[in-house]
Every structure is written in structure tokens, then in C-alpha cells.
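To start, the structure itself, in C-alpha cells.
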Amino acid sequence: MIAPNPIALGTKIPDKRKMAWNSSDTSARRGYHHGNLREALMDAALLLIAEKGIAGFTFADLARAAHVSPAAPYRHYRDRDDLLTDLARQGFERFGAALLAAWENGKPDPRKALKRVGYAYLDFARKNTAIYSIMFESGVPIGGSPELLEVADAAFAVLRLACEAILADIPATQRPPVLMVTLHVWSLAHGIASLFARPDRTARPLPMRPEDLLEAGVLVYFDGLLAAKKPE
């Protein structure tokens with residue numbers, strides 16, 4: 001599973017100006033002409049993954065889906081993992097930009113802003129199932145690509161920024177480690193996204209919206225932390 005490297009995390013956040021990729025996994029597919037081979041391969045890969053899963057296609061399948069020769073994919077990618085790494089990188093760029101936009105500099109307060117971030121997390125996972133599965137389930141080593149590591153850490157940094165702002169209400173001597181708290185919140189959001197926010201039949205039945213479940217979980221978590229650490 002691709003996951004940000006907590007040890008290397010700073011406060012760098014994604015640049016929304018970089019986000020030019022279509023937000024739809026499988027829309028606007030075009031054949032190879034005038035130099036758009038790379039985009040055509042990425043679109044075809046997302047379509048194949050949406051239909052067959054990450055392990056369900058080969059480079060030969062990819063070439064057929066993109067309507068190019070069997071050798072064409074190798075003009076841009078060494079192998080299948082190289083393609084998945086590129087897709088994961090672009091996915092994390094979009095993911096980080098979505099979280100950052102939802103954060104809105106913590107307005108009107110960090111708790112409400114984190115709620116929006118959580119909703120954005122689930123919305124991204126629901127609307128971009130193929131790219132989300134590549135980001136977290138493809139097995140591509142995040143440390144194998146500095147570019148992928150940078151954007152994955154930047155997306156995580158948005159969650160860390162939100163948690164740090166909320167923890168500021170706790171006296172410094174009693175404040176839990178911000179990294180630990182961020183990992184707890186991230187695990188909760190990712191678990192709900194994976195179990196309950198999928199738009200396919202693999203989603204578990206739930207008597208409430210995934211957003212409501214996430215909001216309640218985060219509320220209980222932070223209320224418990226703040227109550228336990230309240231100065232006497």
C-alpha cells in the first residue's frame with residue numbers, strides 16, 4: 001500500500017495551480033496522435049483498472065485499450081509499475097489539492113475546517129475509485145520515486161496542519177504528539193473510505209452516510225482528547 005512517510009513529513013502543501021488533469025478517471029479518452037501518447041496510456045490504464053482491478057491488465061492490454069502498437073507504451077514507461085507510479089503521483093497531487101481547498105486556512109475554526117477536509121477525503125475516494133486504488137493498493141513503493149514521495153507527503157501535511165491547529169487548545173505540556181494524532185485521523189478516514197465509500201458492490205452496508213460516520217468518529221476522538229487534557 002502506498003502511504004506517506006511520516007518521518008519525512010513537513011508542512012509543505014500541494015500547489016493547486018499544478019492540477020490540470022481531468023478530475024474524471026475515465027472521461028475524455030483520446031487516441032494517440034500529435035504527442036498525447038502518455039495521456040492516452042494513463043486514461044486507458046484507469047479504464048482497465050476500473051473494469052478489471054489493478055492486477056487485471058498487462059501492457060499488451062493497455063496498448064489495445066489505447067489503440068496503439070504493443071511497443072508504444074515503452075516510449076514513456078519502463079514497465080507497468082512505472083506507469084502506476086506516474087498515475088499515483090498525479091492522483092496524490094489532485095488529492096492534496098482537494099484537501100487543501102477544503103481546509104480553507106482553517107476557517108471559520110479548525111474543527112469545522114477538518115470536517116470539510118474529511119468530507120473531501122471521502123468524496124475523492126468515491127469519485128476516483130481507480131486512481132484511489134492505485135494510490136493506496138497498487139504496491140508501488142513510494143520511496144522509489146522522489147516526486148511521488150513529495151506529493152504524498154504534501155497531501156498528508158494538510159491533515160497534519162488541521163490536527164495541529166485543533167491540538168493548539170491543549171496545553172503544550174499535555175499535548176499528544178501531532179504526528180500520532182494525524183495518523184489516527186488519517187486511519188479513520190481511510191478505513192471509512194475503503195469500507196463504506198466505494199460506489200461499487202464491495203462497499204459494506206451502512207445505516208448512515210459515510211460522512212456522518214467519519215464526523216462522529218472524529219468528534220468523539222477530539223472531544224475525548226480535549227477533555228482528558230483540560231487544565232485543572
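Residues in the C-alpha cells are numbered from 1 in each chain, the chains being A, B, ... in the order shown, and ligands are numbered from 1 in the order shown.
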field: Residues near segment 183-199 of chain A, cut-off 10 Å, only C-alpha atoms, skip fewer than 2 positions along chain, as a ChimeraX atom specification
entry: /A:6,114,117-119,121-129,132-133,136,156,159-160,163,178-181,201-206,208-211,213-215,217-218,221-222
Using the selection just defined, write its residues with N, CA and C atoms as a compact mmCIF listing (two decimals), in the first residue's frame.
```
# COMPACT_ATOMS: atom_id res chain seq x y z
N PRO A 6 5.76 9.19 7.36
CA PRO A 6 5.58 10.11 8.49
C PRO A 6 6.87 10.74 8.96
N LEU A 114 -11.67 20.90 9.52
CA LEU A 114 -11.30 19.49 9.43
C LEU A 114 -12.48 18.64 8.96
N VAL A 117 -12.46 18.83 5.35
CA VAL A 117 -11.36 18.02 4.82
C VAL A 117 -11.75 16.55 4.79
N GLY A 118 -12.39 16.08 5.85
CA GLY A 118 -12.85 14.70 5.89
C GLY A 118 -13.85 14.40 4.80
N TYR A 119 -14.78 15.31 4.59
CA TYR A 119 -15.75 15.13 3.51
C TYR A 119 -15.05 15.07 2.15
N TYR A 121 -12.03 14.12 1.58
CA TYR A 121 -11.32 12.83 1.52
C TYR A 121 -12.25 11.75 0.97
N LEU A 122 -13.43 11.63 1.57
CA LEU A 122 -14.38 10.60 1.14
C LEU A 122 -14.88 10.86 -0.27
N ASP A 123 -15.09 12.13 -0.60
CA ASP A 123 -15.57 12.47 -1.93
C ASP A 123 -14.56 12.08 -3.00
N PHE A 124 -13.28 12.32 -2.72
CA PHE A 124 -12.25 11.95 -3.68
C PHE A 124 -12.22 10.43 -3.87
N ALA A 125 -12.26 9.71 -2.78
CA ALA A 125 -12.21 8.24 -2.87
C ALA A 125 -13.41 7.70 -3.63
N ARG A 126 -14.57 8.29 -3.43
CA ARG A 126 -15.79 7.82 -4.07
C ARG A 126 -15.80 8.12 -5.58
N LYS A 127 -15.34 9.29 -5.94
CA LYS A 127 -15.42 9.72 -7.34
C LYS A 127 -14.23 9.29 -8.18
N ASN A 128 -13.19 8.83 -7.54
CA ASN A 128 -11.96 8.47 -8.26
C ASN A 128 -11.47 7.10 -7.81
N THR A 129 -12.32 6.09 -7.96
CA THR A 129 -12.01 4.78 -7.39
C THR A 129 -10.76 4.16 -8.00
N TYR A 132 -7.67 6.12 -6.77
CA TYR A 132 -7.52 5.92 -5.33
C TYR A 132 -6.95 4.54 -5.04
N SER A 133 -7.40 3.54 -5.77
CA SER A 133 -6.86 2.20 -5.57
C SER A 133 -5.39 2.13 -5.96
N PHE A 136 -3.27 3.69 -3.06
CA PHE A 136 -3.16 3.00 -1.78
C PHE A 136 -3.11 1.47 -1.86
N PHE A 156 -0.64 14.47 2.99
CA PHE A 156 -0.72 14.14 4.42
C PHE A 156 -0.52 15.39 5.27
N LEU A 159 -3.67 17.18 6.43
CA LEU A 159 -4.28 16.58 7.62
C LEU A 159 -3.50 16.96 8.88
N ARG A 160 -2.19 16.94 8.77
CA ARG A 160 -1.37 17.28 9.93
C ARG A 160 -1.58 18.73 10.35
N CYS A 163 -4.89 18.91 12.27
CA CYS A 163 -4.79 18.33 13.61
C CYS A 163 -3.96 19.20 14.54
N VAL A 178 1.57 15.43 17.59
CA VAL A 178 0.69 15.75 16.47
C VAL A 178 0.75 14.68 15.38
N LEU A 179 1.92 14.07 15.19
CA LEU A 179 2.02 13.02 14.17
C LEU A 179 1.14 11.84 14.52
N MET A 180 1.15 11.43 15.78
CA MET A 180 0.32 10.31 16.21
C MET A 180 -1.16 10.61 15.99
N VAL A 181 -1.59 11.81 16.38
CA VAL A 181 -2.99 12.19 16.22
C VAL A 181 -3.37 12.22 14.74
N ARG A 201 -20.13 -2.68 -5.55
CA ARG A 201 -20.77 -3.64 -4.66
C ARG A 201 -19.86 -4.10 -3.52
N THR A 202 -18.60 -3.70 -3.53
CA THR A 202 -17.71 -4.10 -2.45
C THR A 202 -17.92 -3.26 -1.20
N ALA A 203 -18.65 -2.17 -1.31
CA ALA A 203 -18.91 -1.32 -0.14
C ALA A 203 -19.78 -2.06 0.86
N ARG A 204 -19.41 -1.96 2.13
CA ARG A 204 -20.20 -2.58 3.19
C ARG A 204 -21.47 -1.77 3.43
N PRO A 205 -22.61 -2.44 3.74
CA PRO A 205 -23.83 -1.69 4.05
C PRO A 205 -23.67 -0.88 5.32
N LEU A 206 -24.26 0.28 5.34
CA LEU A 206 -24.09 1.19 6.47
C LEU A 206 -25.41 1.93 6.69
N MET A 208 -26.00 4.74 7.79
CA MET A 208 -25.81 6.19 7.79
C MET A 208 -24.86 6.54 6.66
N ARG A 209 -24.72 7.81 6.39
CA ARG A 209 -23.76 8.24 5.38
C ARG A 209 -22.34 8.04 5.90
N PRO A 210 -21.41 7.67 5.02
CA PRO A 210 -20.01 7.58 5.46
C PRO A 210 -19.52 8.90 6.05
N GLU A 211 -19.99 10.01 5.51
CA GLU A 211 -19.58 11.32 6.04
C GLU A 211 -20.02 11.48 7.49
N LEU A 213 -20.55 9.06 9.64
CA LEU A 213 -19.75 8.15 10.46
C LEU A 213 -18.38 8.76 10.75
N LEU A 214 -17.77 9.36 9.73
CA LEU A 214 -16.45 9.97 9.91
C LEU A 214 -16.55 11.17 10.85
N GLU A 215 -17.55 11.99 10.65
CA GLU A 215 -17.72 13.16 11.50
C GLU A 215 -17.89 12.75 12.97
N GLY A 217 -16.89 9.94 14.40
CA GLY A 217 -15.65 9.36 14.91
C GLY A 217 -14.63 10.41 15.28
N VAL A 218 -14.47 11.41 14.42
CA VAL A 218 -13.51 12.49 14.69
C VAL A 218 -13.97 13.32 15.89
N TYR A 221 -13.24 11.39 19.04
CA TYR A 221 -11.79 11.33 19.25
C TYR A 221 -11.27 12.64 19.85
N PHE A 222 -11.58 13.76 19.21
CA PHE A 222 -11.03 15.03 19.70
C PHE A 222 -11.69 15.50 20.98
```
query: Which of these residues is nearest to Ser138 of chain A, using only C-alpha atoms: A:Thr85, A:Gln90, A:Asn105, A:Thr182?
result: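 The closest residue to Ser138 of chain A is A:Thr85.
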query: For Ala155 of chain A, which residue out of A:Ala101, A:Ile131, A:Gly143, A:Ile170 is the nearest one, using only C-alpha atoms?
result: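 Among the listed residues, A:Ala101 lies closest to Ala155 of chain A.
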- prompt: Between A:Ala157, A:Ala228, A:Val220, A:Leu62, which one has atoms that come closest to Ala40 of chain A, using only C-alpha atoms?
  reply: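 Closest candidate: A:Leu62.
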query: Neighbours of Pro73 of chain A within 9 Å (only C-alpha atoms; same-chain residues fewer than 4 positions away dropped), as an MDAnalysis selection string?
result: chainID A and resid 37:38 41 59:60 62:63 68:69 77:79 83
- request: Quote the spacing between atom CA of Ala102 of chain A and atom CA of Ala216 of chain A in Å to one decimal place.
  value: 18.4 Å
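Going from atom CA of Ala44 of chain A over to atom CA of Ala65 of chain A, you cover 5.7 Å.
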message: My list of candidates is A:Asp153, A:Glu39, A:Asp81, A:Asp109. Which is closest to Gly96 of chain A when distances are computed with only C-alpha atoms?
response: A:Asp153
task: Have a look at atom CA of Leu84 of chain A and atom CA of Val140 of chain A and let me know their distance in Å, one decimal.
output: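 We find that atom CA of Leu84 of chain A and atom CA of Val140 of chain A lie 7.1 Å from each other.
Across A:Ala45, A:Ile54, A:Leu100, A:Ala88, the tightest approach to Leu149 of chain A is made by A:Ala88 when counting only C-alpha atoms.
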task: Enumerate the residues of segment 157-193 of chain A with a DSSP assignment of alpha helix (DSSP H), computed from the backbone, and present them as a PyMOL selection string.
output: chain A and resi 157-167+178-193
message: Measuring between only C-alpha atoms, which one of A:Arg75, A:Arg89, A:Arg80, A:Arg64 shows the shortest distance to Glu147 of chain A?
response: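 Ranked by minimum distance to Glu147 of chain A, first place goes to A:Arg89.
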